[in-house]
file final.tsv (TSV, C-alpha atoms and all ligand atoms)
chain	number	residue	atom	x	y	z
A	7	MET	CA	50.63	-48.85	-16.97
A	8	ALA	CA	51.64	-50.21	-13.52
A	9	GLU	CA	53.99	-52.67	-15.21
A	10	ALA	CA	55.54	-50.00	-17.42
A	11	LYS	CA	55.92	-47.71	-14.42
A	12	ALA	CA	57.76	-50.41	-12.46
A	13	ALA	CA	60.09	-50.97	-15.42
A	14	TYR	CA	60.77	-47.22	-15.72
A	15	GLN	CA	61.60	-47.06	-12.03
A	16	GLU	CA	63.93	-50.02	-12.32
A	17	THR	CA	65.78	-48.34	-15.21
A	18	PHE	CA	66.10	-45.20	-13.10
A	19	ARG	CA	67.62	-47.20	-10.22
A	20	GLN	CA	70.06	-48.88	-12.60
A	21	PHE	CA	71.19	-45.50	-13.91
A	22	LEU	CA	71.76	-44.19	-10.38
A	23	GLU	CA	73.74	-47.31	-9.49
A	24	ARG	CA	76.16	-46.49	-12.29
A	25	LEU	CA	76.99	-43.10	-10.76
A	26	PRO	CA	79.74	-42.40	-8.26
A	27	GLU	CA	78.65	-41.30	-4.80
A	28	ALA	CA	77.58	-37.64	-4.62
A	29	ALA	CA	77.98	-37.45	-8.39
A	30	ASN	CA	77.66	-34.21	-10.34
A	31	ILE	CA	74.62	-34.67	-12.53
A	32	VAL	CA	73.60	-32.33	-15.32
A	33	ILE	CA	70.01	-32.31	-16.53
A	34	LEU	CA	69.37	-31.10	-20.06
A	35	CYS	CA	65.69	-30.40	-20.48
A	36	HIS	CA	63.39	-28.99	-23.11
A	37	SER	CA	62.15	-25.46	-22.44
A	38	ASP	CA	58.42	-26.17	-22.83
A	39	ALA	CA	56.12	-26.76	-19.85
A	40	ASP	CA	56.66	-30.53	-19.97
A	41	GLY	CA	60.45	-30.35	-20.22
A	42	LEU	CA	60.72	-27.67	-17.53
A	43	ALA	CA	58.48	-29.68	-15.22
A	44	ALA	CA	60.61	-32.79	-15.77
A	45	GLY	CA	63.75	-30.76	-15.01
A	46	ALA	CA	62.23	-29.16	-11.92
A	47	LEU	CA	61.00	-32.47	-10.48
A	48	LEU	CA	64.42	-34.10	-10.89
A	49	PHE	CA	66.22	-31.00	-9.62
A	50	LYS	CA	64.11	-31.10	-6.46
A	51	THR	CA	64.46	-34.84	-5.77
A	52	LEU	CA	67.95	-36.00	-6.80
A	53	PRO	CA	69.79	-33.89	-4.17
A	54	LYS	CA	68.04	-35.96	-1.49
A	55	LEU	CA	70.41	-38.78	-2.46
A	56	GLY	CA	73.41	-36.46	-2.13
A	57	TYR	CA	73.89	-35.65	-5.81
A	58	LEU	CA	74.96	-32.22	-7.01
A	59	VAL	CA	72.52	-31.27	-9.72
A	60	SER	CA	72.66	-28.56	-12.37
A	61	VAL	CA	70.21	-27.84	-15.14
A	62	ARG	CA	70.63	-26.54	-18.69
A	63	LEU	CA	67.53	-25.51	-20.57
A	64	ILE	CA	67.65	-26.42	-24.25
A	65	GLY	CA	65.65	-23.88	-26.16
A	66	LYS	CA	65.43	-21.84	-29.33
A	67	GLY	CA	67.75	-23.10	-32.03
A	68	GLU	CA	69.46	-25.59	-29.71
A	69	SER	CA	69.51	-29.37	-29.47
A	70	ALA	CA	70.76	-31.66	-26.72
A	71	TRP	CA	72.19	-33.91	-29.40
A	72	SER	CA	74.18	-31.31	-31.36
A	73	SER	CA	77.96	-31.07	-31.53
A	74	ASN	CA	77.56	-27.64	-29.94
A	75	THR	CA	76.07	-29.16	-26.77
A	76	ARG	CA	78.79	-31.82	-26.71
A	77	GLU	CA	81.40	-29.05	-26.82
A	78	LEU	CA	79.65	-27.14	-24.04
A	79	LEU	CA	79.75	-30.17	-21.78
A	80	TYR	CA	83.21	-31.28	-22.81
A	81	GLU	CA	85.22	-29.32	-20.25
A	82	SER	CA	82.74	-29.81	-17.42
A	83	ASP	CA	83.07	-32.30	-14.60
A	84	GLU	CA	79.68	-33.95	-14.97
A	85	GLU	CA	79.55	-37.59	-13.92
A	86	GLY	CA	76.02	-38.28	-15.07
A	87	ILE	CA	73.77	-36.78	-17.75
A	88	ILE	CA	69.98	-36.81	-17.85
A	89	VAL	CA	68.24	-35.67	-21.03
A	90	ALA	CA	64.55	-34.95	-20.58
A	91	ASP	CA	61.89	-34.37	-23.23
A	92	LEU	CA	64.43	-33.88	-26.00
A	93	GLY	CA	64.08	-37.08	-27.98
A	94	SER	CA	66.49	-40.02	-28.10
A	95	ARG	CA	69.33	-40.38	-30.61
A	96	GLU	CA	71.81	-43.05	-31.48
A	97	HIS	CA	74.94	-41.16	-30.46
A	98	SER	CA	76.31	-40.40	-27.01
A	99	ILE	CA	76.33	-36.89	-25.60
A	100	GLN	CA	79.58	-37.53	-23.69
A	101	PRO	CA	81.02	-41.00	-24.34
A	102	GLY	CA	81.86	-42.77	-21.07
A	103	ILE	CA	79.50	-40.67	-18.95
A	104	PRO	CA	76.33	-42.52	-17.85
A	105	LEU	CA	73.35	-41.15	-19.77
A	106	LEU	CA	69.68	-41.38	-18.89
A	107	VAL	CA	67.08	-40.40	-21.48
A	108	ILE	CA	63.58	-39.57	-20.23
A	109	ASP	CA	61.23	-38.94	-23.12
A	110	HIS	CA	57.97	-39.71	-24.89
A	111	HIS	CA	58.75	-38.77	-28.50
A	112	ARG	CA	59.46	-41.47	-31.06
A	113	PRO	CA	63.07	-42.53	-30.36
A	114	GLN	CA	65.43	-42.02	-33.30
A	115	GLY	CA	67.88	-44.51	-31.87
A	116	VAL	CA	69.42	-45.10	-28.47
A	117	ALA	CA	72.96	-44.00	-27.60
A	118	PRO	CA	75.42	-46.85	-26.79
A	119	GLY	CA	75.00	-47.87	-23.14
A	120	ALA	CA	72.28	-45.27	-22.50
A	121	PHE	CA	69.46	-45.93	-20.06
A	122	ILE	CA	66.17	-45.03	-21.67
A	123	ILE	CA	62.81	-44.34	-20.07
A	124	SER	CA	60.49	-43.84	-23.02
A	125	GLY	CA	56.76	-43.36	-22.84
A	126	TYR	CA	56.49	-43.75	-26.61
A	127	GLY	CA	54.07	-46.49	-27.61
A	128	GLN	CA	52.22	-46.54	-24.28
A	129	LYS	CA	48.51	-45.76	-24.39
A	130	PRO	CA	47.93	-43.23	-22.97
A	131	THR	CA	51.43	-41.85	-23.45
A	132	PRO	CA	52.95	-40.46	-20.26
A	133	THR	CA	54.67	-37.08	-20.59
A	134	SER	CA	58.34	-36.56	-19.76
A	135	GLY	CA	57.24	-34.72	-16.61
A	136	LEU	CA	55.13	-37.66	-15.48
A	137	LEU	CA	57.99	-40.07	-16.19
A	138	ALA	CA	60.28	-37.83	-14.10
A	139	HIS	CA	57.64	-37.86	-11.37
A	140	TRP	CA	57.65	-41.66	-11.31
A	141	CYS	CA	61.47	-41.64	-11.19
A	142	GLY	CA	61.38	-39.17	-8.30
A	143	GLU	CA	58.95	-41.41	-6.40
A	144	THR	CA	61.72	-43.99	-6.03
A	145	ILE	CA	63.56	-41.38	-3.93
A	146	THR	CA	60.86	-39.58	-1.95
A	147	SER	CA	57.16	-38.73	-1.89
A	148	LEU	CA	56.29	-36.18	-4.56
A	149	ASP	CA	52.83	-35.34	-3.23
A	150	SER	CA	53.78	-31.72	-2.58
A	151	LEU	CA	55.11	-31.42	-6.17
A	152	LEU	CA	52.07	-32.88	-7.93
A	153	TRP	CA	51.18	-29.44	-9.26
A	154	ILE	CA	54.43	-29.42	-11.28
A	155	THR	CA	53.53	-32.81	-12.75
A	156	ALA	CA	50.11	-31.36	-13.58
A	157	VAL	CA	51.79	-28.50	-15.49
A	158	SER	CA	53.59	-31.11	-17.58
A	159	LEU	CA	50.40	-33.07	-18.32
A	160	ILE	CA	48.27	-30.01	-19.12
A	161	GLY	CA	51.08	-28.53	-21.21
A	162	ASP	CA	51.55	-31.55	-23.46
A	163	ILE	CA	48.23	-33.43	-23.39
A	164	GLY	CA	45.72	-30.93	-22.03
A	165	ASP	CA	43.39	-30.53	-19.14
A	166	LYS	CA	41.77	-33.91	-19.73
A	167	ALA	CA	44.98	-35.95	-19.66
A	168	PRO	CA	43.87	-39.39	-18.41
A	169	PHE	CA	46.35	-39.80	-15.58
A	170	GLU	CA	45.70	-40.27	-11.90
A	171	GLU	CA	48.37	-37.68	-11.02
A	172	LEU	CA	46.37	-34.94	-12.74
A	173	ALA	CA	43.17	-35.96	-10.95
A	174	GLN	CA	45.06	-35.86	-7.64
A	175	ALA	CA	46.51	-32.42	-8.39
A	176	LYS	CA	43.03	-31.13	-9.21
A	177	LYS	CA	41.83	-32.23	-5.80
A	178	GLN	CA	44.39	-29.89	-4.27
A	179	TRP	CA	44.30	-27.03	-6.78
A	180	LYS	CA	41.69	-25.43	-8.99
A	181	GLY	CA	41.84	-26.41	-12.66
A	182	THR	CA	41.80	-22.73	-13.64
A	183	VAL	CA	44.89	-22.06	-11.51
A	184	LEU	CA	46.78	-25.03	-12.98
A	185	ARG	CA	45.82	-24.06	-16.54
A	186	GLU	CA	46.79	-20.42	-16.07
A	187	LEU	CA	50.16	-21.38	-14.65
A	188	THR	CA	50.80	-23.85	-17.48
A	189	SER	CA	49.93	-21.22	-20.07
A	190	LEU	CA	52.40	-18.76	-18.53
A	191	ILE	CA	55.14	-21.36	-18.13
A	192	ASN	CA	54.74	-22.33	-21.79
A	193	ALA	CA	54.77	-18.71	-22.99
A	194	ALA	CA	58.43	-18.07	-22.15
A	195	ARG	CA	59.99	-20.36	-24.75
A	196	ARG	CA	57.49	-19.16	-27.38
A	197	SER	CA	58.58	-15.53	-26.99
A	198	GLY	CA	61.00	-13.91	-29.44
A	199	THR	CA	64.04	-14.50	-27.24
A	200	GLY	CA	62.88	-17.99	-26.26
A	201	ASN	CA	64.28	-17.37	-22.76
A	202	ALA	CA	62.62	-19.91	-20.46
A	203	ILE	CA	64.74	-19.22	-17.38
A	204	PRO	CA	62.00	-17.15	-15.65
A	205	ALA	CA	59.58	-20.04	-16.20
A	206	PHE	CA	61.97	-22.58	-14.71
A	207	ASP	CA	62.85	-20.29	-11.79
A	208	LEU	CA	59.18	-19.80	-10.99
A	209	LEU	CA	58.65	-23.58	-10.81
A	210	LEU	CA	61.60	-23.81	-8.43
A	211	LYS	CA	60.70	-20.86	-6.22
A	212	ALA	CA	56.96	-21.30	-5.81
A	213	LYS	CA	55.57	-23.51	-3.06
A	214	ASN	CA	52.45	-24.27	-5.06
A	215	PRO	CA	50.55	-22.95	-8.12
A	216	ALA	CA	48.62	-20.31	-6.18
A	217	ASP	CA	51.90	-19.06	-4.71
A	218	ALA	CA	53.40	-18.99	-8.23
A	219	LEU	CA	50.56	-16.75	-9.42
A	220	SER	CA	50.46	-14.58	-6.28
A	221	GLY	CA	52.63	-11.82	-7.74
A	222	LYS	CA	55.27	-12.35	-5.09
A	223	TYR	CA	57.89	-13.42	-7.66
A	224	PRO	CA	59.22	-11.06	-10.36
A	225	GLU	CA	59.28	-13.94	-12.87
A	226	LEU	CA	55.50	-13.74	-13.15
A	227	GLU	CA	55.61	-10.30	-14.81
A	228	LYS	CA	58.19	-11.55	-17.31
A	229	LEU	CA	55.98	-14.50	-18.19
A	230	ARG	CA	52.95	-12.23	-18.62
A	231	ALA	CA	54.94	-9.99	-20.97
A	232	ALA	CA	56.09	-13.05	-22.92
A	233	ARG	CA	52.51	-14.26	-23.27
A	234	GLU	CA	51.35	-10.86	-24.52
A	235	GLU	CA	54.10	-10.82	-27.11
A	236	VAL	CA	53.15	-14.30	-28.29
A	237	THR	CA	49.42	-13.48	-28.41
A	238	ALA	CA	50.08	-10.39	-30.55
A	239	ALA	CA	52.22	-12.38	-32.99
A	240	LEU	CA	49.64	-15.15	-33.10
A	241	ASN	CA	46.84	-12.73	-33.93
A	242	VAL	CA	48.76	-11.57	-37.00
A	243	ALA	CA	49.60	-15.12	-38.10
A	244	LYS	CA	46.00	-16.29	-37.73
A	245	LYS	CA	45.03	-14.01	-40.62
A	246	ALA	CA	47.12	-15.85	-43.20
A	247	ALA	CA	45.26	-18.19	-45.57
A	248	PRO	CA	46.58	-21.71	-46.22
A	249	LYS	CA	48.14	-22.67	-49.56
A	250	PHE	CA	47.41	-26.13	-50.89
A	251	SER	CA	49.15	-28.84	-52.87
A	252	GLY	CA	47.34	-32.18	-52.87
A	253	LYS	CA	46.71	-33.13	-49.26
A	254	VAL	CA	49.27	-30.69	-47.86
A	255	ALA	CA	48.32	-27.23	-46.58
A	256	LEU	CA	50.98	-24.65	-45.67
A	257	ILE	CA	50.32	-21.56	-43.57
A	258	ARG	CA	53.09	-19.01	-43.70
A	259	MET	CA	54.17	-16.48	-41.07
A	260	HIS	CA	57.23	-14.37	-40.25
A	261	SER	CA	57.78	-13.97	-36.52
A	262	PRO	CA	60.60	-14.51	-33.99
A	263	CYS	CA	58.00	-16.13	-31.72
A	264	GLN	CA	57.43	-19.87	-31.71
A	265	ILE	CA	53.88	-19.63	-32.97
A	266	HIS	CA	54.13	-22.07	-35.89
A	267	PRO	CA	53.07	-25.06	-33.73
A	268	LEU	CA	50.05	-23.09	-32.48
A	269	ILE	CA	49.04	-22.17	-36.03
A	270	ALA	CA	49.41	-25.79	-37.14
A	271	GLN	CA	47.26	-26.82	-34.19
A	272	ILE	CA	44.55	-24.29	-35.07
A	273	TRP	CA	44.38	-25.32	-38.74
A	274	ARG	CA	44.49	-29.02	-37.97
A	275	THR	CA	40.96	-28.85	-36.58
A	276	ARG	CA	39.73	-26.89	-39.62
A	277	LEU	CA	41.46	-29.04	-42.24
A	278	LYS	CA	40.94	-32.47	-40.69
A	279	ASP	CA	41.96	-34.51	-43.74
A	280	TYR	CA	45.11	-32.56	-44.50
A	281	ILE	CA	48.72	-32.54	-43.44
A	282	VAL	CA	48.92	-28.96	-42.16
A	283	MET	CA	52.16	-27.10	-41.62
A	284	GLY	CA	52.72	-23.81	-39.85
A	285	VAL	CA	55.72	-22.31	-41.63
A	286	ASN	CA	57.76	-19.60	-39.92
A	287	THR	CA	60.39	-17.73	-41.94
A	288	GLY	CA	61.19	-15.28	-39.12
A	289	TYR	CA	61.91	-17.59	-36.19
A	290	ARG	CA	65.65	-17.86	-36.73
A	291	PRO	CA	67.70	-16.02	-39.37
A	292	GLY	CA	68.65	-18.23	-42.30
A	293	TYR	CA	66.17	-20.99	-41.43
A	294	VAL	CA	62.59	-21.93	-42.13
A	295	HIS	CA	61.01	-23.55	-39.08
A	296	PHE	CA	57.89	-25.57	-39.63
A	297	SER	CA	55.51	-27.47	-37.45
A	298	ALA	CA	53.27	-30.14	-38.94
A	299	ARG	CA	50.12	-31.95	-37.86
A	300	CYS	CA	48.15	-34.67	-39.62
A	301	PRO	CA	45.17	-37.02	-39.32
A	302	VAL	CA	45.71	-40.41	-37.62
A	303	SER	CA	45.59	-42.11	-41.04
A	304	VAL	CA	49.01	-40.60	-41.81
A	305	ASN	CA	52.34	-41.22	-40.07
A	306	LEU	CA	53.95	-37.82	-40.25
A	307	ILE	CA	57.43	-38.97	-39.27
A	308	ASP	CA	57.41	-41.46	-42.15
A	309	PHE	CA	55.94	-38.83	-44.50
A	310	LEU	CA	58.68	-36.34	-43.65
A	311	ARG	CA	61.38	-39.00	-44.03
A	312	ALA	CA	60.00	-39.92	-47.46
A	313	ASN	CA	60.00	-36.28	-48.56
A	314	ALA	CA	63.27	-35.21	-46.92
A	315	PRO	CA	65.28	-32.75	-49.01
A	316	GLY	CA	68.53	-34.73	-49.06
A	317	GLU	CA	70.66	-34.72	-45.91
A	318	VAL	CA	68.77	-33.22	-42.97
A	319	ASP	CA	69.84	-32.51	-39.39
A	320	GLU	CA	68.56	-34.18	-36.23
A	321	GLY	CA	65.84	-31.55	-35.78
A	322	TYR	CA	63.96	-32.68	-38.90
A	323	GLY	CA	61.07	-35.10	-38.68
A	324	GLY	CA	61.31	-36.07	-35.03
A	325	GLY	CA	58.56	-35.92	-32.43
A	326	HIS	CA	55.27	-37.75	-32.57
A	327	ASP	CA	53.46	-39.73	-35.26
A	328	GLN	CA	50.88	-36.96	-35.76
A	329	ALA	CA	52.93	-33.95	-34.62
A	330	SER	CA	56.35	-33.24	-36.04
A	331	GLY	CA	58.32	-30.55	-37.84
A	332	GLY	CA	61.81	-29.32	-38.47
A	333	ALA	CA	64.13	-26.49	-39.37
A	334	LEU	CA	65.62	-26.21	-42.85
A	335	THR	CA	68.02	-23.82	-44.52
A	336	TYR	CA	66.42	-21.78	-47.33
A	337	ALA	CA	67.92	-24.01	-50.02
A	338	LYS	CA	66.64	-27.18	-48.32
A	339	TRP	CA	63.25	-25.63	-47.70
A	340	ASN	CA	62.89	-24.64	-51.33
A	341	GLU	CA	63.77	-28.19	-52.38
A	342	PHE	CA	61.29	-29.59	-49.84
A	343	VAL	CA	58.33	-27.48	-51.02
A	344	SER	CA	58.96	-28.27	-54.67
A	345	LYS	CA	59.00	-31.98	-53.74
A	346	LEU	CA	55.59	-31.42	-52.16
A	347	GLY	CA	54.38	-29.87	-55.40
A	348	PHE	CA	54.30	-26.18	-54.42
A	349	GLY	CA	55.32	-23.45	-56.83
A	350	SER	CA	57.65	-20.50	-56.33
A	351	GLU	CA	55.20	-18.66	-54.04
A	352	MET	CA	56.25	-20.93	-51.15
A	353	LYS	CA	59.98	-20.53	-51.76
A	354	VAL	CA	62.10	-18.32	-49.54
A	355	VAL	CA	64.95	-16.05	-50.59
A	356	MET	CA	67.80	-14.59	-48.55
A	357	GLY	CA	66.95	-11.30	-46.83
A	358	GLN	CA	63.23	-11.95	-46.84
A	359	THR	CA	61.44	-9.98	-44.12
A	360	LYS	CA	57.89	-11.22	-44.26
A	401	MN	MN	56.91	-33.40	-23.84
call {"tool": "encode", "arguments": {"input": "final.tsv", "output": "structure tokens"}}
result
Amino acid sequence: MAEAKAAYQETFRQFLERLPEAANIVILCHSDADGLAAGALLFKTLPKLGYLVSVRLIGKGESAWSSNTRELLYESDEEGIIVADLGSREHSIQPGIPLLVIDHHRPQGVAPGAFIISGYGQKPTPTSGLLAHWCGETITSLDSLLWITAVSLIGDIGDKAPFEELAQAKKQWKGTVLRELTSLINAARRSGTGNAIPAFDLLLKAKNPADALSGKYPELEKLRAAREEVTAALNVAKKAAPKFSGKVALIRMHSPCQIHPLIAQIWRTRLKDYIVMGVNTGYRPGYVHFSARCPVSVNLIDFLRANAPGEVDEGYGGGHDQASGGALTYAKWNEFVSKLGFGSEMKVVMGQTK
């Protein structure tokens, strides 16, 4: 890992060398605990080199690689773009503007001229937050921010993530405190609105995890409310029974909350030999969002490619070899489930409310 880390840091330096002095940098980051941690670590370190840094959280129904995001950035004066924890694609976000991709999902291409720091393929796989931490270390010591890196590692890999940075953070802070904070930070983007701004603000404002949980910041209440909303929705969804076709099991739910990955995760341990999919018809109007998990004997990304319902957008079949998903229109979803051998009971019609 030391060799990979040195290479990542070299790529980071090369990206910075391409930027004008005091450049305006925009960071696009995923709204889960790992993406927010990556964004927060970069936001707190890059200004030390004189850069002006802004952050855009990419959340519910959004993608860093969509034409919509390109349009949003088009009129802005950004001189450097960093995309964290949002995958890697073959097209530029703003042609001519230096782009750095920090990620650990399977790359679906690399944009022309982009600098890429990818943890994919490393064992163990570093999270985007840990990669951002290593980048930040080329600028300054991040010892006082190790708790943010720990939030990234616990959020994506869990409390036992085999990285020295997590062990170090646990020497400073209780595991229970770090886990509680991670759970709250992750709850925001799972809520019905998907608004992760309170989670990001709390990471920026707090001096440490105990301070974050002290009740001093109003964001904490918002995160608690988000977590309650998600828990209630999850308790309903847990009651649904899976439907089977061959080695595929689908579990259906109808909720604005992002609980389909949690349901897939729960059923994965019960149905070890199956490709399990949490299927949410209520997450975003007009779309079926699904989250899939599978045993190590299957490559899910390849499976989803092989069963793709015709042309699909960039959100379909990305992610990790054993954890992927997508969002499909009703027509595409219906085609997809019939390809998988399901009957009409898994099809979705316009105006459906459960
Ligand atoms: Mn991640």
call {"tool": "residues_near_ligand", "arguments": {"input": "final.tsv", "ligand": "ligand MN 401 (chain A)", "cutoff": "12 Å", "atoms": "all atoms listed in the file", "output": "ChimeraX atom specification"}}
result
/A:35-45,89-93,108-112,124-126,131-138,155,157-164,192,325-326,329
call {"tool": "closest_residue", "arguments": {"input": "final.tsv", "among": "A:His139, A:Arg311, A:Arg233, A:Arg299", "to": "Tyr14 of chain A", "atoms": "all atoms listed in the file"}}
result
A:His139
call {"tool": "closest_residue", "arguments": {"input": "final.tsv", "among": "A:Ser261, A:Thr144, A:Gln178, A:Ser251", "to": "Gly198 of chain A", "atoms": "all atoms listed in the file"}}
result
A:Ser261
call {"tool": "closest_residue", "arguments": {"input": "final.tsv", "among": "A:Ile281, A:Lys213, A:Leu106, A:Thr188", "to": "Gln20 of chain A", "atoms": "only C-alpha atoms"}}
result
A:Leu106
call {"tool": "atom_distance", "arguments": {"input": "final.tsv", "atom1": "atom CA of Glu170 of chain A", "atom2": "atom CA of Ser220 of chain A"}}
result
26.7 Å
call {"tool": "closest_residue", "arguments": {"input": "final.tsv", "among": "A:Val304, A:Val183, A:Leu346, A:Ala270", "to": "Asp327 of chain A", "atoms": "all atoms listed in the file"}}
result
A:Val304
call {"tool": "residues_around", "arguments": {"input": "final.tsv", "residues": "Gly323 of chain A", "least_positions_apart": "5", "cutoff": "6 Å", "atoms": "all atoms listed in the file", "output": "list of chain:residue names"}}
result
A:Ile307, A:Leu310, A:Ser330, A:Gly331, A:Gly332
call {"tool": "closest_residue", "arguments": {"input": "final.tsv", "among": "A:Ser350, A:Asn201, A:Thr275, A:Thr17", "to": "Leu63 of chain A", "atoms": "all atoms listed in the file"}}
result
A:Asn201
call {"tool": "closest_residue", "arguments": {"input": "final.tsv", "among": "A:Tyr223, A:Ala173, A:Leu229, A:Ala8", "to": "Ile191 of chain A", "atoms": "only C-alpha atoms"}}
result
A:Leu229
call {"tool": "decode", "arguments": {"input": "final.tsv", "residues": "segment 165-176 of chain A", "atoms": "N, CA, C and O atoms", "output": "PDB file, in the first residue's frame"}}
result
ATOM      1  N   ASP A 165     -16.461  -0.784  10.977  1.00  0.00           N
ATOM      2  CA  ASP A 165     -15.655  -0.511  12.150  1.00  0.00           C
ATOM      3  C   ASP A 165     -14.325  -1.274  12.176  1.00  0.00           C
ATOM      4  O   ASP A 165     -13.405  -0.931  12.886  1.00  0.00           O
ATOM      5  N   LYS A 166     -14.259  -2.337  11.352  1.00  0.00           N
ATOM      6  CA  LYS A 166     -13.054  -3.168  11.356  1.00  0.00           C
ATOM      7  C   LYS A 166     -12.171  -2.876  10.144  1.00  0.00           C
ATOM      8  O   LYS A 166     -11.287  -3.676   9.816  1.00  0.00           O
ATOM      9  N   ALA A 167     -12.417  -1.790   9.475  1.00  0.00           N
ATOM     10  CA  ALA A 167     -11.628  -1.460   8.275  1.00  0.00           C
ATOM     11  C   ALA A 167     -10.134  -1.554   8.591  1.00  0.00           C
ATOM     12  O   ALA A 167      -9.660  -0.952   9.549  1.00  0.00           O
ATOM     13  N   PRO A 168      -9.393  -2.358   7.798  1.00  0.00           N
ATOM     14  CA  PRO A 168      -7.994  -2.657   8.146  1.00  0.00           C
ATOM     15  C   PRO A 168      -7.012  -1.568   7.721  1.00  0.00           C
ATOM     16  O   PRO A 168      -6.097  -1.826   6.945  1.00  0.00           O
ATOM     17  N   PHE A 169      -7.210  -0.368   8.218  1.00  0.00           N
ATOM     18  CA  PHE A 169      -6.289   0.713   7.884  1.00  0.00           C
ATOM     19  C   PHE A 169      -5.758   1.371   9.149  1.00  0.00           C
ATOM     20  O   PHE A 169      -6.502   1.595  10.102  1.00  0.00           O
ATOM     21  N   GLU A 170      -4.487   1.699   9.091  1.00  0.00           N
ATOM     22  CA  GLU A 170      -3.785   2.302  10.202  1.00  0.00           C
ATOM     23  C   GLU A 170      -4.476   3.596  10.678  1.00  0.00           C
ATOM     24  O   GLU A 170      -4.545   3.881  11.874  1.00  0.00           O
ATOM     25  N   GLU A 171      -5.027   4.342   9.730  1.00  0.00           N
ATOM     26  CA  GLU A 171      -5.658   5.625  10.081  1.00  0.00           C
ATOM     27  C   GLU A 171      -6.836   5.418  11.022  1.00  0.00           C
ATOM     28  O   GLU A 171      -7.094   6.252  11.888  1.00  0.00           O
ATOM     29  N   LEU A 172      -7.568   4.314  10.837  1.00  0.00           N
ATOM     30  CA  LEU A 172      -8.703   4.050  11.731  1.00  0.00           C
ATOM     31  C   LEU A 172      -8.201   3.667  13.126  1.00  0.00           C
ATOM     32  O   LEU A 172      -8.729   4.126  14.147  1.00  0.00           O
ATOM     33  N   ALA A 173      -7.157   2.840  13.161  1.00  0.00           N
ATOM     34  CA  ALA A 173      -6.569   2.458  14.456  1.00  0.00           C
ATOM     35  C   ALA A 173      -6.098   3.702  15.202  1.00  0.00           C
ATOM     36  O   ALA A 173      -6.321   3.848  16.416  1.00  0.00           O
ATOM     37  N   GLN A 174      -5.459   4.610  14.480  1.00  0.00           N
ATOM     38  CA  GLN A 174      -4.974   5.861  15.095  1.00  0.00           C
ATOM     39  C   GLN A 174      -6.134   6.692  15.644  1.00  0.00           C
ATOM     40  O   GLN A 174      -6.068   7.224  16.751  1.00  0.00           O
ATOM     41  N   ALA A 175      -7.196   6.803  14.840  1.00  0.00           N
ATOM     42  CA  ALA A 175      -8.352   7.603  15.268  1.00  0.00           C
ATOM     43  C   ALA A 175      -8.967   7.015  16.531  1.00  0.00           C
ATOM     44  O   ALA A 175      -9.398   7.735  17.433  1.00  0.00           O
ATOM     45  N   LYS A 176      -8.973   5.674  16.596  1.00  0.00           N
ATOM     46  CA  LYS A 176      -9.568   5.005  17.764  1.00  0.00           C
ATOM     47  C   LYS A 176      -8.727   5.176  19.023  1.00  0.00           C
ATOM     48  O   LYS A 176      -9.225   4.962  20.121  1.00  0.00           O
TER      49      LYS A 176
END
